[in-house]
>>> print(open('start.csv').read())   # CSV, C-alpha atoms and all ligand atoms
chain,number,residue,atom,x,y,z
G,1,MET,CA,170.1,120.2,94.7
G,2,LEU,CA,172.9,119.0,92.4
G,3,GLN,CA,172.7,122.4,90.7
G,4,TYR,CA,173.0,124.2,94.0
G,5,LYS,CA,175.9,122.0,95.1
G,6,ASN,CA,177.8,122.8,91.9
G,7,LEU,CA,177.2,126.5,92.6
G,8,GLU,CA,178.4,126.1,96.2
G,9,GLU,CA,181.6,124.4,95.0
G,10,LYS,CA,182.3,127.3,92.6
G,11,ILE,CA,181.7,129.9,95.4
G,12,LYS,CA,184.1,128.0,97.7
G,13,ALA,CA,186.8,128.1,95.0
G,14,CYS,CA,186.3,131.8,94.3
G,15,GLN,CA,189.3,134.1,94.0
G,16,ARG,CA,187.6,137.1,92.6
G,17,CYS,CA,188.7,139.5,95.3
G,18,HIS,CA,191.5,139.7,97.8
G,19,LEU,CA,189.3,138.8,100.8
G,20,ARG,CA,190.0,135.1,100.2
G,21,GLU,CA,193.6,135.7,101.1
G,22,THR,CA,192.7,136.8,104.7
G,23,CYS,CA,189.6,134.8,105.5
G,24,LEU,CA,189.7,131.3,107.0
G,25,ASN,CA,186.7,129.9,105.2
G,26,VAL,CA,184.3,130.9,102.5
G,27,VAL,CA,180.7,131.2,103.8
G,28,PRO,CA,178.4,130.6,100.8
G,29,GLY,CA,175.2,130.3,102.9
G,30,GLU,CA,173.0,127.4,104.0
G,31,GLY,CA,169.5,126.2,104.3
G,32,ASN,CA,166.7,124.9,102.2
G,33,VAL,CA,167.6,125.3,98.5
G,34,ASN,CA,163.8,125.4,97.7
G,35,ALA,CA,163.1,127.9,100.5
G,36,GLU,CA,160.2,130.4,100.2
G,37,ILE,CA,162.2,132.9,102.3
G,38,MET,CA,165.8,133.9,101.8
G,39,PHE,CA,167.6,136.0,104.3
G,40,ILE,CA,170.5,138.1,103.2
G,41,GLY,CA,173.0,139.7,105.7
G,42,GLU,CA,176.2,141.7,105.3
G,43,GLY,CA,179.0,139.2,105.5
G,44,PRO,CA,180.7,136.6,107.7
G,45,GLY,CA,182.0,137.7,111.1
G,46,GLU,CA,184.6,136.0,113.2
G,47,ASN,CA,182.5,132.9,114.2
G,48,GLU,CA,181.1,132.5,110.7
G,49,ASP,CA,184.6,132.7,109.2
G,50,LYS,CA,185.8,130.0,111.6
G,51,GLN,CA,182.9,127.6,111.0
G,52,GLY,CA,182.2,128.4,107.3
G,53,ARG,CA,178.5,128.9,108.2
G,54,PRO,CA,176.4,132.1,108.1
G,55,PHE,CA,174.9,133.7,111.3
G,56,VAL,CA,176.3,131.3,113.9
G,57,GLY,CA,177.5,134.0,116.4
G,58,ALA,CA,175.4,136.2,118.8
G,59,ALA,CA,173.5,137.9,115.9
G,60,GLY,CA,172.8,134.4,114.5
G,61,LYS,CA,171.3,133.2,117.8
G,62,PHE,CA,168.9,136.1,117.7
G,63,LEU,CA,168.1,135.4,114.1
G,64,ASP,CA,167.2,131.8,115.0
G,65,GLU,CA,164.9,133.1,117.7
G,66,LEU,CA,163.3,135.5,115.2
G,67,ILE,CA,162.8,132.6,112.7
G,68,ALA,CA,161.2,130.5,115.4
G,69,ILE,CA,158.7,133.4,116.0
G,70,ILE,CA,157.2,132.8,112.6
G,71,GLY,CA,157.0,129.0,113.2
G,72,LYS,CA,160.0,128.1,111.0
G,73,LYS,CA,163.3,126.4,111.6
G,74,ARG,CA,166.6,127.6,110.3
G,75,GLU,CA,166.7,124.6,108.0
G,76,GLU,CA,163.5,125.6,106.3
G,77,VAL,CA,164.8,129.0,105.1
G,78,PHE,CA,167.9,130.0,103.2
G,79,ILE,CA,170.5,132.3,104.8
G,80,ALA,CA,173.2,134.0,102.8
G,81,ASN,CA,175.2,137.2,102.8
G,82,ILE,CA,176.2,139.9,100.4
G,83,LEU,CA,179.9,138.9,101.0
G,84,LYS,CA,181.0,135.3,101.2
G,85,CYS,CA,184.3,136.1,102.8
G,86,ARG,CA,185.0,137.9,106.0
G,87,PRO,CA,186.5,141.4,105.7
G,88,PRO,CA,189.5,141.8,108.0
G,89,GLY,CA,188.5,143.0,111.4
G,90,ASN,CA,184.8,143.0,110.4
G,91,ARG,CA,185.1,146.3,108.6
G,92,ASP,CA,182.4,147.4,106.2
G,93,PRO,CA,182.4,145.8,102.8
G,94,LEU,CA,184.1,147.8,100.1
G,95,PRO,CA,182.1,148.5,96.9
G,96,GLU,CA,184.6,146.5,94.8
G,97,GLU,CA,184.2,143.5,97.1
G,98,VAL,CA,180.4,143.7,96.9
G,99,GLU,CA,180.6,143.9,93.1
G,100,ALA,CA,183.0,141.0,92.9
G,101,CYS,CA,180.7,138.8,95.1
G,102,TRP,CA,177.4,139.9,93.5
G,103,PRO,CA,177.3,137.3,90.7
G,104,TRP,CA,177.3,134.5,93.3
G,105,LEU,CA,174.3,136.0,95.1
G,106,VAL,CA,172.5,136.5,91.8
G,107,GLU,CA,173.1,132.8,91.0
G,108,GLN,CA,172.0,131.7,94.4
G,109,ILE,CA,168.7,133.7,94.1
G,110,LYS,CA,168.1,132.4,90.5
G,111,THR,CA,168.6,128.8,91.7
G,112,ILE,CA,166.6,129.1,95.0
G,113,LYS,CA,163.9,131.4,93.5
G,114,PRO,CA,162.6,132.6,96.9
G,115,LYS,CA,159.1,134.2,97.1
G,116,LEU,CA,160.5,136.7,99.5
G,117,ILE,CA,164.0,138.1,100.2
G,118,VAL,CA,164.5,139.6,103.6
G,119,LEU,CA,167.3,142.1,103.6
G,120,LEU,CA,169.1,142.3,107.0
G,121,GLY,CA,170.6,145.7,107.6
G,122,ARG,CA,171.7,148.7,105.5
G,123,HIS,CA,174.4,146.9,103.4
G,124,ALA,CA,172.1,144.3,102.2
G,125,MET,CA,169.4,146.9,101.6
G,126,GLU,CA,171.7,149.1,99.6
G,127,ARG,CA,172.6,146.5,97.1
G,128,PHE,CA,169.0,145.7,96.2
G,129,LEU,CA,167.1,148.9,97.0
G,130,PRO,CA,169.6,151.7,96.6
G,131,ASN,CA,169.1,155.3,97.9
G,132,GLN,CA,166.6,154.3,100.6
G,133,LYS,CA,166.6,154.9,104.3
G,134,ILE,CA,166.3,151.8,106.4
G,135,SER,CA,164.4,153.6,109.1
G,136,LYS,CA,161.7,154.6,106.5
G,137,ILE,CA,161.3,151.4,104.5
G,138,ARG,CA,161.8,148.7,107.2
G,139,GLY,CA,158.9,146.4,107.9
G,140,GLN,CA,157.2,146.8,104.5
G,141,ALA,CA,157.1,144.6,101.5
G,142,LEU,CA,158.4,146.2,98.3
G,143,ARG,CA,158.6,145.0,94.8
G,144,ARG,CA,161.5,145.8,92.5
G,145,GLU,CA,162.8,144.5,89.2
G,146,VAL,CA,166.5,143.8,89.6
G,147,PRO,CA,168.1,143.6,86.2
G,148,GLU,CA,170.0,140.4,86.8
G,149,ILE,CA,167.2,138.7,88.7
G,150,GLY,CA,163.9,140.0,87.5
G,151,LYS,CA,160.8,140.9,89.6
G,152,GLN,CA,161.3,140.2,93.3
G,153,VAL,CA,159.6,141.1,96.5
G,154,PHE,CA,161.9,142.4,99.3
G,155,TYR,CA,161.4,143.0,103.0
G,156,VAL,CA,163.9,145.2,104.8
G,157,MET,CA,164.7,144.8,108.5
G,158,TYR,CA,167.3,146.1,110.8
G,159,HIS,CA,170.3,143.8,111.2
G,160,PRO,CA,169.9,141.4,114.2
G,161,ALA,CA,173.3,142.6,115.4
G,162,ALA,CA,172.0,146.1,115.7
G,163,ALA,CA,169.6,144.9,118.4
G,164,LEU,CA,172.6,143.5,120.4
G,165,TYR,CA,174.0,147.1,120.6
G,166,GLN,CA,170.8,149.0,120.8
G,167,GLY,CA,168.3,147.1,122.9
G,168,SER,CA,165.3,149.2,121.8
G,169,LEU,CA,165.6,147.7,118.3
G,170,ARG,CA,164.9,144.2,119.6
G,171,GLU,CA,161.2,144.9,119.8
G,172,VAL,CA,161.2,146.6,116.3
G,173,LEU,CA,162.8,143.5,114.8
G,174,ILE,CA,160.4,141.2,116.6
G,175,SER,CA,157.3,143.2,115.4
G,176,ASP,CA,158.7,143.4,111.8
G,177,PHE,CA,159.4,139.7,111.8
G,178,LYS,CA,155.8,138.9,112.9
G,179,LYS,CA,154.5,140.5,109.7
G,180,ILE,CA,156.4,138.1,107.4
G,181,PRO,CA,153.7,135.4,107.2
G,182,LYS,CA,151.2,138.1,106.1
G,183,VAL,CA,153.7,139.3,103.4
G,184,LEU,CA,154.0,135.7,102.2
G,185,GLU,CA,150.2,135.4,102.0
G,186,ALA,CA,150.0,138.6,100.1
G,187,ILE,CA,152.6,137.3,97.6
G,188,GLU,CA,150.7,134.0,97.2
G,189,LYS,CA,147.4,135.8,96.7
G,190,GLU,CA,149.1,138.1,94.2
G,191,GLU,CA,147.9,141.2,96.1
G,192,ASP,CA,149.3,144.6,95.2
G,193,ILE,CA,152.8,145.2,96.7
G,194,PRO,CA,154.2,148.7,96.4
G,195,VAL,CA,157.0,149.2,93.9
G,196,ALA,CA,160.2,150.3,95.5
G,197,ASP,CA,160.8,153.1,92.9
G,198,LYS,CA,157.6,154.8,94.0
G,199,VAL,CA,158.7,154.6,97.6
G,200,GLU,CA,162.0,156.2,96.5
G,201,GLU,CA,160.1,159.1,95.0
G,202,LYS,CA,158.1,159.4,98.2
G,203,VAL,CA,161.2,159.5,100.4
G,204,ALA,CA,162.7,162.2,98.1
G,205,VAL,CA,159.5,164.3,98.3
G,206,GLU,CA,159.4,164.0,102.1
G,207,GLU,CA,163.1,164.9,102.3
G,208,ASN,CA,162.5,168.0,100.1
G,209,LYS,CA,159.6,169.0,102.3
G,210,GLN,CA,161.9,168.8,105.3
G,211,THR,CA,164.6,170.9,103.7
G,212,THR,CA,162.1,173.6,102.8
G,213,LEU,CA,160.6,173.6,106.3
G,214,PHE,CA,163.9,173.9,108.2
K,1,LIG,N1,176.4,139.2,110.3
K,1,LIG,C1,176.1,139.0,109.0
K,1,LIG,O1,175.7,140.0,108.3
K,1,LIG,N2,176.2,137.8,108.5
K,1,LIG,C2,176.6,136.8,109.1
K,1,LIG,O2,176.7,135.7,108.6
K,1,LIG,C3,176.9,136.9,110.5
K,1,LIG,C4,176.8,138.1,111.1
>>> encode(input="start.csv", output="structure tokens")
Amino acid sequence: MLQYKNLEEKIKACQRCHLRETCLNVVPGEGNVNAEIMFIGEGPGENEDKQGRPFVGAAGKFLDELIAIIGKKREEVFIANILKCRPPGNRDPLPEEVEACWPWLVEQIKTIKPKLIVLLGRHAMERFLPNQKISKIRGQALRREVPEIGKQVFYVMYHPAAALYQGSLREVLISDFKKIPKVLEAIEKEEDIPVADKVEEKVAVEENKQTTLF
């Protein structure tokens, strides 16, 4: 706990990129520092920036509902973001901002050591599982060795905010969420979990097939 608190203090004092000049509060993340599941979103929005807490706006309410579906409380998991500071006007994170913030996320993951990392949305997916299509890999557990972290199991989902704009995604998110306990069980039983690189190859083959067909 002390180790995590020290890390949190360092994150709050960060000046590695210019986002700290425009945001109100740094949003390091929150939850159980011994959590089995860590959720990673994109970055703080307006509400998160005001409160210094992750996922407290409309998308956060939906995330809380989803967490309750698997019988957990927000306090039992850990919730963080790729960016700790809000980009002005909620624009997409810039690559240099993601890279400046990356060492903090690495430290958080190494301290919390979650069994499963749930990546919420395309931006979170891209940092850990590059060159993938969210529509193809969502809802499946994937293993990948991330150089700074080591072997890790990931589970990609659409971002909860996407369901607020596109109602049909709500059911997709709910059904993907319901599979999380089985994924945790598979990790505990050390069952075979596909390697992300192999999925990358499969996506590439399928895409090649498509270009030759049309
Ligand atoms: N969206 C995110 O990606 N993260 C938050 O903390 C809130 C909204």
>>> residues_near_ligand(input="start.csv", ligand="ligand LIG 1 (chain K)", cutoff="6 Å", atoms="only C-alpha atoms and all ligand atoms", output="ChimeraX atom specification")
/G:41-45,48,54-55,59,81
>>> residues_around(input="start.csv", residues="Pro194 of chain G", least_positions_apart="2", cutoff="12 Å", atoms="all atoms listed in the file", output="NGL selection string")
:G and (137 or 140-145 or 152-155 or 183 or 186-187 or 190-192 or 196-200 or 202)
>>> closest_residue(input="start.csv", among="G:Val195, G:Val118, G:Ile79, G:Leu7", to="Met157 of chain G", atoms="all atoms listed in the file")
G:Val118
>>> residues_around(input="start.csv", residues="Lys73 of chain G", least_positions_apart="4", cutoff="12 Å", atoms="only C-alpha atoms", output="PDB file with C-alpha atoms, in the frame of the given file")
ATOM      1  CA  GLY G  31     169.500 126.200 104.300  1.00  0.00           C
ATOM      2  CA  ASN G  32     166.700 124.900 102.200  1.00  0.00           C
ATOM      3  CA  ALA G  35     163.100 127.900 100.500  1.00  0.00           C
ATOM      4  CA  ILE G  37     162.200 132.900 102.300  1.00  0.00           C
ATOM      5  CA  LEU G  63     168.100 135.400 114.100  1.00  0.00           C
ATOM      6  CA  ASP G  64     167.200 131.800 115.000  1.00  0.00           C
ATOM      7  CA  GLU G  65     164.900 133.100 117.700  1.00  0.00           C
ATOM      8  CA  LEU G  66     163.300 135.500 115.200  1.00  0.00           C
ATOM      9  CA  ILE G  67     162.800 132.600 112.700  1.00  0.00           C
ATOM     10  CA  ALA G  68     161.200 130.500 115.400  1.00  0.00           C
ATOM     11  CA  ILE G  69     158.700 133.400 116.000  1.00  0.00           C
ATOM     12  CA  VAL G  77     164.800 129.000 105.100  1.00  0.00           C
ATOM     13  CA  PHE G  78     167.900 130.000 103.200  1.00  0.00           C
ATOM     14  CA  ILE G  79     170.500 132.300 104.800  1.00  0.00           C
TER      15      ILE G  79
END
>>> closest_residue(input="start.csv", among="G:Glu36, G:Gln166, G:Pro114, G:Ile174", to="Lys151 of chain G", atoms="all atoms listed in the file")
G:Pro114
>>> residues_around(input="start.csv", residues="segment 19-24 of chain G", least_positions_apart="4", cutoff="8 Å", atoms="all atoms listed in the file", output="PDB file with C-alpha atoms, in the frame of the given file")
ATOM      1  CA  CYS G  14     186.300 131.800  94.300  1.00  0.00           C
ATOM      2  CA  GLN G  15     189.300 134.100  94.000  1.00  0.00           C
ATOM      3  CA  ASP G  49     184.600 132.700 109.200  1.00  0.00           C
ATOM      4  CA  LYS G  50     185.800 130.000 111.600  1.00  0.00           C
ATOM      5  CA  CYS G  85     184.300 136.100 102.800  1.00  0.00           C
ATOM      6  CA  ARG G  86     185.000 137.900 106.000  1.00  0.00           C
ATOM      7  CA  PRO G  87     186.500 141.400 105.700  1.00  0.00           C
ATOM      8  CA  PRO G  88     189.500 141.800 108.000  1.00  0.00           C
ATOM      9  CA  GLU G  97     184.200 143.500  97.100  1.00  0.00           C
TER      10      GLU G  97
END
>>> atom_distance(input="start.csv", atom1="atom CA of Ile70 of chain G", atom2="atom CA of Lys178 of chain G")
6.3 Å
>>> atom_distance(input="start.csv", atom1="atom CA of Arg127 of chain G", atom2="atom CA of Ala162 of chain G")
18.6 Å
>>> atom_distance(input="start.csv", atom1="atom CA of Leu94 of chain G", atom2="atom CA of Arg53 of chain G")
21.3 Å
>>> closest_residue(input="start.csv", among="G:Gly121, G:Gly29, G:Pro160, G:Gly167", to="Phe62 of chain G", atoms="only C-alpha atoms")
G:Pro160
>>> closest_residue(input="start.csv", among="G:Lys5, G:Lys182, G:Lys72, G:Arg16", to="Glu99 of chain G", atoms="only C-alpha atoms")
G:Arg16
>>> closest_residue(input="start.csv", among="G:Gly60, G:Trp102, G:Ile117, G:Pro95", to="Met38 of chain G", atoms="all atoms listed in the file")
G:Ile117
>>> closest_residue(input="start.csv", among="G:Ala100, G:Leu173, G:Met1, G:Val56", to="Leu120 of chain G", atoms="all atoms listed in the file")
G:Leu173
>>> residues_around(input="start.csv", residues="Gln108 of chain G", least_positions_apart="2", cutoff="10 Å", atoms="all atoms listed in the file", output="PyMOL selection string")
chain G and resi 4+7-8+11+28-29+33+38+78+80+102-106+110-114
